[in-house]
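Below: one structure, written as structure tokens.
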Amino acid sequence: MNVVDPIIKIEHVNTFFGSFQALSDVSLSVHPGEKVVVIGPSGSGKSTLLRTINRLEKISSGSIVVDGHALNDPSQNINKIREEVGMVFQSFNLFRHMTVLENLTLAPVKLRKQQKSQAEKYAMELLAKVGVADKAASYPVQLSGGQQQRVAIARALAMNPAIMLFDEPTSALDPEMIGEVLDVMVTLAREGMTMVVVTHEMGFAREVADKVVFMDGGRILEVAPPDTFFDHPVHERTRAFLKQIL
Amino acid sequence: MSEKKVIIDVGDGAAIPRPEDKGLLSAWWLSFVGTLAVLAYLLIFHPDPYLRLLKFLPDGIVVTFQVTIASICLALILGLLAGLGRISRNRIVNLVASTYVEIIRGIPLLVQLFYIYFALGRIVRVPDMVAAIIALGFCYGAYMGEVFRAGIMSIDNGQTEASLSLGFNRSQTMRYVILPQAWRTILPPVGNEFIALLKDTSLVSIIAVSDILRRGREFASESFLYFETYTLIAIIYLLITLILSKFLSNVEQRLSHYERR
Ligand SMILES: Nc1ncnc2c1ncn2[C@@H]1O[C@H](COP(=O)(O)OP(=O)(O)O)[C@@H](O)[C@H]1O
Ligand SMILES: [Mg+2]
């Protein structure tokens with residue numbers, strides 16, 4: 001079937017918070033360059049799934065292999081794996097005490113031991129790419145939500161990750177700023193980045209996704225290419241959900 | 001949550017005036033000018049004994065500052081360790097730090113001072129001043145630990161997650177991301193602790209350290225001018241703490257640059 005191995009391989013994962021099961025027998029493979037969009041009602045475990053991929057959340061059983069590294073293997077250096085997996089949060093989480101430029105250069109300089117000048121040069125290229133080069137010397141509080149989120153994407157890209165995870169990147173934004181962030185994500189997708197995106201933006205899912213994953217109650221109920229998914233959903237719960245949001 | 005400015009209110013020490021707190025700021029001016037006026041009046045119209053007394057005290061002022069600064073340095077180091085220990089996921093580290101804080105907070109400073117002074121005296125002979133600094137440092141370290149802990153916890157967890165997701169480990173995250181931000185929240189209560197500590201150094205006069213108060217007592221016991229001596233000592237403490245609180249309020253202002261739009 002597939003010649004290349006999946007870059008993310010999630011198998012039979014269960015995750016508990018105390019006695020509450022947030023993920024139930026979740027399996028999912030993502031191949032290099034693939035774009036996966038995860039949708040589902042609030043509380044269905046989308047964030048938890050995303051966060052297990054860079055072990056911000058630990059799994060209780062099952063296995064996750066990222067780029068050949070088993071996440072539950074204690075001999076693996078999780079920090080090294082995280083360098084390969086960029087993450088973008090709903091609430092941006094830019095470092096508030098640093099300028100935009102410093103936000104981008106911190107990790108490359110401290111972790112990759114890059115020269116400051118070299119890191120800054122690349123950071124400026126990335127800022128230009130996401131359209132906020134003129135804000136390089138500003139502090140995060142001085143930026144709009146849309147600008148902050150674009151900087152957050154650039155910050156993750158500064159480490160040249162193999163995979164980008166997005167957890168509802170536009171949900172905290174005013175409607176008029178959603179487009180500018182989605183544009184950046186579409187560009188990134190066109191360039192071949194492997195992406196796992198939790199979003200309610202169905203237009204983005206249709207345009208960009210290779211497959212759409214529907215979650216409910218901690219389970220993956222349906223996985224399908226966007227056309228099939230939106231036009232011929234199989235599961236009753238999927239249909240009800242789509243009817244609600246479309 | 002992340003947008004809200006957290007103010008840790010420790011509730012002791014002199015209040016550091018904030019520019020937006022007009023009441024406290026004008027109270028500061030009133031106290032400062034009033035104290036200076038009283039001091040000037042006493043020195044001009046009653047140079048004897050006040051001028052004589054004032055010349056007798058500078059050595060004590062120097063000692064008070066030496067003890068304060070050395071103790072605060074020790075307290076900051078212990079406080080950082082205690083604060084980090086209190087939030088550590090390592091059970092043992094956490095328990096040690098919490099026990100330290102709990103024990104120290106339960107014993108009056110004066111008793112600690114005596115205890116460390118005499119307990120140390122049984123093991124090694126240390127100079128009185130060193131014993132005083134160790135006692136004050138350990139005591140204030142416990143309070144400082146709570147200040148550090150609260151400051152660190154006031155930083156939105158999203159900052160930690162963003163840092164971890166870039167590949168930083170926990171201690172790098174603390175160093176590059178959390179502490180530089182927590183410092184803003186920590187500084188005002190640390191400033192308050194500093195002032196409180198400066199005042200509490202007056203306790204060390206009991207264990208034979210020649211601070212302001214002890215110098216004053218020496219003067220008073222020879223001259224029997226108790227009222228005049230303690231009047232001047234009160235004025236000096238008040239002036240020092242007023243100047244310090246104003247200074248700290250300015251430093252705090254300057255540190256807030258990245259929060260301004
Ligand atoms: N740290 C946590 N502790 C306890 N429960 C949690 C925690 N994180 C998430 N949950 C619970 O797990 C479920 C799934 O959460 P989440 O993955 O955030 O859902 P989604 O992102 O789909 O809205 C929710 O019911 C949530 O309350
Ligand atoms: Mg979520």
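Going through the structure tokens in order, the chains are called A, B, and so on, while each chain numbers its residues from 1 and the ligands are numbered from 1 in the order shown.
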
request  = Please identify which residues in segment 25-185 of chain A DSSP calls strand (DSSP E or B) from the backbone, and express them as a list in words.
outcome  =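 So, restricting segment 25-185 of chain A to strand (DSSP E or B), we get Asp25, Val26, Ser27, Leu28, Ser29, Val30, Lys35, Val36, Val37, Val38, Ile39, Ser61, Gly62, Ser63, Ile64, Val65, Val66, His69, Ala70, Val85, Gly86, Met87, Val88, Ile163, Met164, Leu165, Phe166 and Asp167 of chain A.
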
Identify all chain A residues at most 9 Å from chain B by counting only C-alpha atoms; ligands do not count. Present them as a PDB file with N, CA, C and O atoms, in the first residue's frame.
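See iface-v6.pdb below for the written result:
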ATOM      1  N   ASN A  54       3.022  15.314  21.120  1.00  0.00           N
ATOM      2  CA  ASN A  54       4.337  15.757  21.605  1.00  0.00           C
ATOM      3  C   ASN A  54       4.443  15.595  23.123  1.00  0.00           C
ATOM      4  O   ASN A  54       5.209  16.276  23.784  1.00  0.00           O
ATOM      5  N   ARG A  55       3.652  14.686  23.623  1.00  0.00           N
ATOM      6  CA  ARG A  55       3.673  14.271  25.020  1.00  0.00           C
ATOM      7  C   ARG A  55       3.474  15.409  26.014  1.00  0.00           C
ATOM      8  O   ARG A  55       3.996  15.371  27.120  1.00  0.00           O
ATOM      9  N   LEU A  56       2.724  16.427  25.610  1.00  0.00           N
ATOM     10  CA  LEU A  56       2.277  17.384  26.618  1.00  0.00           C
ATOM     11  C   LEU A  56       1.248  16.694  27.501  1.00  0.00           C
ATOM     12  O   LEU A  56       0.991  17.110  28.627  1.00  0.00           O
ATOM     13  N   ILE A  78      12.597  13.236  24.984  1.00  0.00           N
ATOM     14  CA  ILE A  78      11.357  13.870  24.515  1.00  0.00           C
ATOM     15  C   ILE A  78      11.608  15.277  23.995  1.00  0.00           C
ATOM     16  O   ILE A  78      10.956  15.745  23.055  1.00  0.00           O
ATOM     17  N   ASN A  79      12.598  15.953  24.576  1.00  0.00           N
ATOM     18  CA  ASN A  79      12.866  17.325  24.132  1.00  0.00           C
ATOM     19  C   ASN A  79      13.350  17.370  22.684  1.00  0.00           C
ATOM     20  O   ASN A  79      13.007  18.265  21.928  1.00  0.00           O
ATOM     21  N   LYS A  80      14.168  16.377  22.330  1.00  0.00           N
ATOM     22  CA  LYS A  80      14.642  16.303  20.938  1.00  0.00           C
ATOM     23  C   LYS A  80      13.472  16.052  19.991  1.00  0.00           C
ATOM     24  O   LYS A  80      13.409  16.614  18.899  1.00  0.00           O
ATOM     25  N   ILE A  81      12.552  15.174  20.407  1.00  0.00           N
ATOM     26  CA  ILE A  81      11.400  14.881  19.556  1.00  0.00           C
ATOM     27  C   ILE A  81      10.529  16.132  19.413  1.00  0.00           C
ATOM     28  O   ILE A  81      10.051  16.459  18.328  1.00  0.00           O
ATOM     29  N   ARG A  82      10.363  16.852  20.529  1.00  0.00           N
ATOM     30  CA  ARG A  82       9.533  18.064  20.472  1.00  0.00           C
ATOM     31  C   ARG A  82      10.114  19.122  19.537  1.00  0.00           C
ATOM     32  O   ARG A  82       9.387  19.922  18.964  1.00  0.00           O
ATOM     33  N   GLU A  83      11.454  19.130  19.404  1.00  0.00           N
ATOM     34  CA  GLU A  83      12.054  20.084  18.466  1.00  0.00           C
ATOM     35  C   GLU A  83      11.560  19.838  17.043  1.00  0.00           C
ATOM     36  O   GLU A  83      11.520  20.750  16.232  1.00  0.00           O
ATOM     37  N   GLU A  84      11.191  18.576  16.772  1.00  0.00           N
ATOM     38  CA  GLU A  84      10.748  18.215  15.421  1.00  0.00           C
ATOM     39  C   GLU A  84       9.269  18.456  15.210  1.00  0.00           C
ATOM     40  O   GLU A  84       8.761  18.313  14.102  1.00  0.00           O
ATOM     41  N   VAL A  85       8.549  18.735  16.310  1.00  0.00           N
ATOM     42  CA  VAL A  85       7.098  18.874  16.227  1.00  0.00           C
ATOM     43  C   VAL A  85       6.695  20.269  16.683  1.00  0.00           C
ATOM     44  O   VAL A  85       6.735  20.574  17.867  1.00  0.00           O
ATOM     45  N   GLY A  86       6.344  21.125  15.736  1.00  0.00           N
ATOM     46  CA  GLY A  86       5.913  22.474  16.100  1.00  0.00           C
ATOM     47  C   GLY A  86       4.475  22.462  16.580  1.00  0.00           C
ATOM     48  O   GLY A  86       3.675  21.653  16.119  1.00  0.00           O
ATOM     49  N   MET A  87       4.158  23.352  17.527  1.00  0.00           N
ATOM     50  CA  MET A  87       2.768  23.394  17.990  1.00  0.00           C
ATOM     51  C   MET A  87       2.262  24.825  18.074  1.00  0.00           C
ATOM     52  O   MET A  87       2.945  25.725  18.545  1.00  0.00           O
ATOM     53  N   VAL A  88       1.031  25.002  17.596  1.00  0.00           N
ATOM     54  CA  VAL A  88       0.391  26.320  17.626  1.00  0.00           C
ATOM     55  C   VAL A  88      -0.870  26.204  18.471  1.00  0.00           C
ATOM     56  O   VAL A  88      -1.676  25.296  18.268  1.00  0.00           O
ATOM     57  N   PHE A  89      -1.003  27.113  19.435  1.00  0.00           N
ATOM     58  CA  PHE A  89      -2.072  27.016  20.423  1.00  0.00           C
ATOM     59  C   PHE A  89      -3.199  28.005  20.130  1.00  0.00           C
ATOM     60  O   PHE A  89      -2.972  29.044  19.520  1.00  0.00           O
ATOM     61  N   SER A  91      -4.452  30.000  22.200  1.00  0.00           N
ATOM     62  CA  SER A  91      -4.203  31.282  22.869  1.00  0.00           C
ATOM     63  C   SER A  91      -2.815  31.846  22.563  1.00  0.00           C
ATOM     64  O   SER A  91      -2.267  32.602  23.362  1.00  0.00           O
ATOM     65  N   PHE A  92      -2.249  31.484  21.424  1.00  0.00           N
ATOM     66  CA  PHE A  92      -0.970  32.010  20.893  1.00  0.00           C
ATOM     67  C   PHE A  92       0.226  31.673  21.767  1.00  0.00           C
ATOM     68  O   PHE A  92       1.213  31.166  21.265  1.00  0.00           O
ATOM     69  N   ASN A  93       0.148  32.066  23.056  1.00  0.00           N
ATOM     70  CA  ASN A  93       1.236  31.773  24.003  1.00  0.00           C
ATOM     71  C   ASN A  93       2.590  32.303  23.566  1.00  0.00           C
ATOM     72  O   ASN A  93       3.614  31.640  23.748  1.00  0.00           O
ATOM     73  N   LEU A  94       2.616  33.492  22.989  1.00  0.00           N
ATOM     74  CA  LEU A  94       3.922  34.110  22.718  1.00  0.00           C
ATOM     75  C   LEU A  94       4.557  34.481  24.046  1.00  0.00           C
ATOM     76  O   LEU A  94       3.859  34.777  25.015  1.00  0.00           O
ATOM     77  N   PHE A  95       5.891  34.457  24.092  1.00  0.00           N
ATOM     78  CA  PHE A  95       6.589  34.830  25.324  1.00  0.00           C
ATOM     79  C   PHE A  95       6.443  36.337  25.514  1.00  0.00           C
ATOM     80  O   PHE A  95       6.958  37.131  24.738  1.00  0.00           O
ATOM     81  N   ARG A  96       5.753  36.706  26.580  1.00  0.00           N
ATOM     82  CA  ARG A  96       5.324  38.086  26.738  1.00  0.00           C
ATOM     83  C   ARG A  96       6.458  39.048  27.064  1.00  0.00           C
ATOM     84  O   ARG A  96       6.322  40.252  26.888  1.00  0.00           O
ATOM     85  N   HIS A  97       7.564  38.505  27.573  1.00  0.00           N
ATOM     86  CA  HIS A  97       8.661  39.392  27.976  1.00  0.00           C
ATOM     87  C   HIS A  97       9.672  39.591  26.860  1.00  0.00           C
ATOM     88  O   HIS A  97      10.695  40.222  27.058  1.00  0.00           O
ATOM     89  N   MET A  98       9.386  39.015  25.688  1.00  0.00           N
ATOM     90  CA  MET A  98      10.338  39.101  24.588  1.00  0.00           C
ATOM     91  C   MET A  98       9.694  39.770  23.381  1.00  0.00           C
ATOM     92  O   MET A  98       8.485  39.656  23.172  1.00  0.00           O
ATOM     93  N   THR A  99      10.543  40.414  22.580  1.00  0.00           N
ATOM     94  CA  THR A  99      10.036  40.971  21.334  1.00  0.00           C
ATOM     95  C   THR A  99       9.681  39.825  20.401  1.00  0.00           C
ATOM     96  O   THR A  99      10.029  38.666  20.633  1.00  0.00           O
ATOM     97  N   LEU A 106      14.840  32.535  20.163  1.00  0.00           N
ATOM     98  CA  LEU A 106      15.207  31.910  21.440  1.00  0.00           C
ATOM     99  C   LEU A 106      15.580  30.429  21.271  1.00  0.00           C
ATOM    100  O   LEU A 106      16.678  30.007  21.642  1.00  0.00           O
ATOM    101  N   ALA A 107      14.654  29.665  20.713  1.00  0.00           N
ATOM    102  CA  ALA A 107      14.902  28.222  20.620  1.00  0.00           C
ATOM    103  C   ALA A 107      16.050  27.877  19.660  1.00  0.00           C
ATOM    104  O   ALA A 107      16.931  27.086  20.019  1.00  0.00           O
ATOM    105  N   LYS A 110      19.324  28.858  21.604  1.00  0.00           N
ATOM    106  CA  LYS A 110      19.627  28.101  22.821  1.00  0.00           C
ATOM    107  C   LYS A 110      19.694  26.594  22.578  1.00  0.00           C
ATOM    108  O   LYS A 110      20.492  25.900  23.209  1.00  0.00           O
ATOM    109  N   LEU A 111      18.847  26.101  21.699  1.00  0.00           N
ATOM    110  CA  LEU A 111      18.774  24.639  21.523  1.00  0.00           C
ATOM    111  C   LEU A 111      19.601  24.140  20.340  1.00  0.00           C
ATOM    112  O   LEU A 111      20.182  23.073  20.385  1.00  0.00           O
ATOM    113  N   TYR A 139       6.534  44.103  21.174  1.00  0.00           N
ATOM    114  CA  TYR A 139       6.205  43.080  22.162  1.00  0.00           C
ATOM    115  C   TYR A 139       4.821  42.503  21.846  1.00  0.00           C
ATOM    116  O   TYR A 139       3.990  43.203  21.264  1.00  0.00           O
ATOM    117  N   PRO A 140       4.601  41.245  22.215  1.00  0.00           N
ATOM    118  CA  PRO A 140       3.333  40.589  21.882  1.00  0.00           C
ATOM    119  C   PRO A 140       2.089  41.409  22.228  1.00  0.00           C
ATOM    120  O   PRO A 140       1.140  41.434  21.433  1.00  0.00           O
ATOM    121  N   VAL A 141       2.079  42.083  23.397  1.00  0.00           N
ATOM    122  CA  VAL A 141       0.870  42.838  23.758  1.00  0.00           C
ATOM    123  C   VAL A 141       0.548  43.939  22.764  1.00  0.00           C
ATOM    124  O   VAL A 141      -0.567  44.440  22.739  1.00  0.00           O
ATOM    125  N   GLN A 142       1.529  44.329  21.972  1.00  0.00           N
ATOM    126  CA  GLN A 142       1.306  45.424  21.025  1.00  0.00           C
ATOM    127  C   GLN A 142       0.685  44.937  19.722  1.00  0.00           C
ATOM    128  O   GLN A 142       0.400  45.723  18.833  1.00  0.00           O
ATOM    129  N   ARG A 155       7.252  31.272  14.920  1.00  0.00           N
ATOM    130  CA  ARG A 155       8.131  30.809  15.995  1.00  0.00           C
ATOM    131  C   ARG A 155       8.314  29.291  15.924  1.00  0.00           C
ATOM    132  O   ARG A 155       9.427  28.782  16.095  1.00  0.00           O
ATOM    133  N   ALA A 156       7.218  28.588  15.688  1.00  0.00           N
ATOM    134  CA  ALA A 156       7.315  27.125  15.569  1.00  0.00           C
ATOM    135  C   ALA A 156       8.146  26.752  14.346  1.00  0.00           C
ATOM    136  O   ALA A 156       8.981  25.849  14.393  1.00  0.00           O
ATOM    137  N   MET A 159      12.199  26.447  14.126  1.00  0.00           N
ATOM    138  CA  MET A 159      12.943  25.232  14.472  1.00  0.00           C
ATOM    139  C   MET A 159      12.936  24.219  13.331  1.00  0.00           C
ATOM    140  O   MET A 159      13.375  23.079  13.505  1.00  0.00           O
TER     141      MET A 159
END

Neighbourhood of ligand 1 at 6 Å, counting only C-alpha atoms and all ligand atoms, reported as a PyMOL selection string = chain A and resi 17+22+42-48

Residues from the last selection, N, CA, C and O atoms, saved as a PDB file, in the first residue's frame:
ATOM      1  N   PHE A  17      -7.757  10.984  32.610  1.00  0.00           N
ATOM      2  CA  PHE A  17      -7.510  12.031  33.609  1.00  0.00           C
ATOM      3  C   PHE A  17      -8.195  11.557  34.881  1.00  0.00           C
ATOM      4  O   PHE A  17      -9.418  11.626  34.971  1.00  0.00           O
ATOM      5  N   ALA A  22     -10.330  10.228  28.504  1.00  0.00           N
ATOM      6  CA  ALA A  22     -10.408  11.285  27.501  1.00  0.00           C
ATOM      7  C   ALA A  22     -10.175  10.751  26.089  1.00  0.00           C
ATOM      8  O   ALA A  22     -10.668  11.311  25.119  1.00  0.00           O
ATOM      9  N   SER A  42     -17.060  19.963  21.303  1.00  0.00           N
ATOM     10  CA  SER A  42     -16.202  20.367  22.415  1.00  0.00           C
ATOM     11  C   SER A  42     -16.150  19.265  23.465  1.00  0.00           C
ATOM     12  O   SER A  42     -17.162  18.653  23.787  1.00  0.00           O
ATOM     13  N   GLY A  43     -14.955  18.996  23.963  1.00  0.00           N
ATOM     14  CA  GLY A  43     -14.799  17.960  24.984  1.00  0.00           C
ATOM     15  C   GLY A  43     -14.666  16.562  24.418  1.00  0.00           C
ATOM     16  O   GLY A  43     -14.621  15.590  25.162  1.00  0.00           O
ATOM     17  N   SER A  44     -14.540  16.455  23.084  1.00  0.00           N
ATOM     18  CA  SER A  44     -14.496  15.123  22.491  1.00  0.00           C
ATOM     19  C   SER A  44     -13.086  14.527  22.509  1.00  0.00           C
ATOM     20  O   SER A  44     -12.887  13.388  22.104  1.00  0.00           O
ATOM     21  N   GLY A  45     -12.084  15.313  22.946  1.00  0.00           N
ATOM     22  CA  GLY A  45     -10.735  14.765  23.066  1.00  0.00           C
ATOM     23  C   GLY A  45      -9.782  15.215  21.970  1.00  0.00           C
ATOM     24  O   GLY A  45      -8.665  14.702  21.866  1.00  0.00           O
ATOM     25  N   LYS A  46     -10.170  16.214  21.186  1.00  0.00           N
ATOM     26  CA  LYS A  46      -9.323  16.669  20.076  1.00  0.00           C
ATOM     27  C   LYS A  46      -7.994  17.231  20.582  1.00  0.00           C
ATOM     28  O   LYS A  46      -6.925  16.852  20.101  1.00  0.00           O
ATOM     29  N   SER A  47      -8.092  18.143  21.548  1.00  0.00           N
ATOM     30  CA  SER A  47      -6.856  18.724  22.089  1.00  0.00           C
ATOM     31  C   SER A  47      -6.001  17.651  22.739  1.00  0.00           C
ATOM     32  O   SER A  47      -4.778  17.633  22.575  1.00  0.00           O
ATOM     33  N   THR A  48      -6.634  16.786  23.491  1.00  0.00           N
ATOM     34  CA  THR A  48      -5.890  15.729  24.165  1.00  0.00           C
ATOM     35  C   THR A  48      -5.135  14.887  23.154  1.00  0.00           C
ATOM     36  O   THR A  48      -3.949  14.588  23.336  1.00  0.00           O
TER      37      THR A  48
END

task = Go ahead and compute the interatomic distance for atom CA of Ala97 of chain B and atom CA of Ala82 of chain B, in Å to one decimal.
result = 5.0 Å

message = I'd like the contact shell of segment 228-235 of chain B - 9 Å cut-off, only C-alpha atoms, skipping same-chain residues fewer than 5 positions apart - returned as an MDAnalysis selection string.
response = chainID B and resid 35:36 38:39 42 49:50 53:54 57 212:213 216:217 219:220 240

message = Which residues are near Leu49 of chain A? Cut-off 12 Å, only C-alpha atoms, ignore same chain within fewer than 3 positions. Put them as a PyMOL selection string.
response = chain A and resi 10-16+22-28+38-40+43-46+52-59+64+165-167+196-198+213-220

query = Which residues in segment 13-253 of chain B does DSSP call alpha helix (DSSP H)? List them as number ranges by chain.
reply = B: 22-45, 47-56, 58-87, 91-105, 109-123, 128-153, 157-166, 170-173, 179-200, 212-223, 226-253

Near-His31 of chain A list (12 Å; only C-alpha atoms; drop same-chain fewer than 6 positions) as a ChimeraX atom specification = /A:2-10,65-67,162-163,192-196,210-211

ask   = Out of B:Phe56, B:Arg86, B:Leu203, B:Pro17, which residue has the shortest atom-to-atom distance to Trp29 of chain B when counting only C-alpha atoms?
value = B:Pro17

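Nearest residue to Cys139 of chain B, choosing from B:Leu51, B:Leu242, B:Met174, B:Ile116 and counting only C-alpha atoms: B:Ile116.
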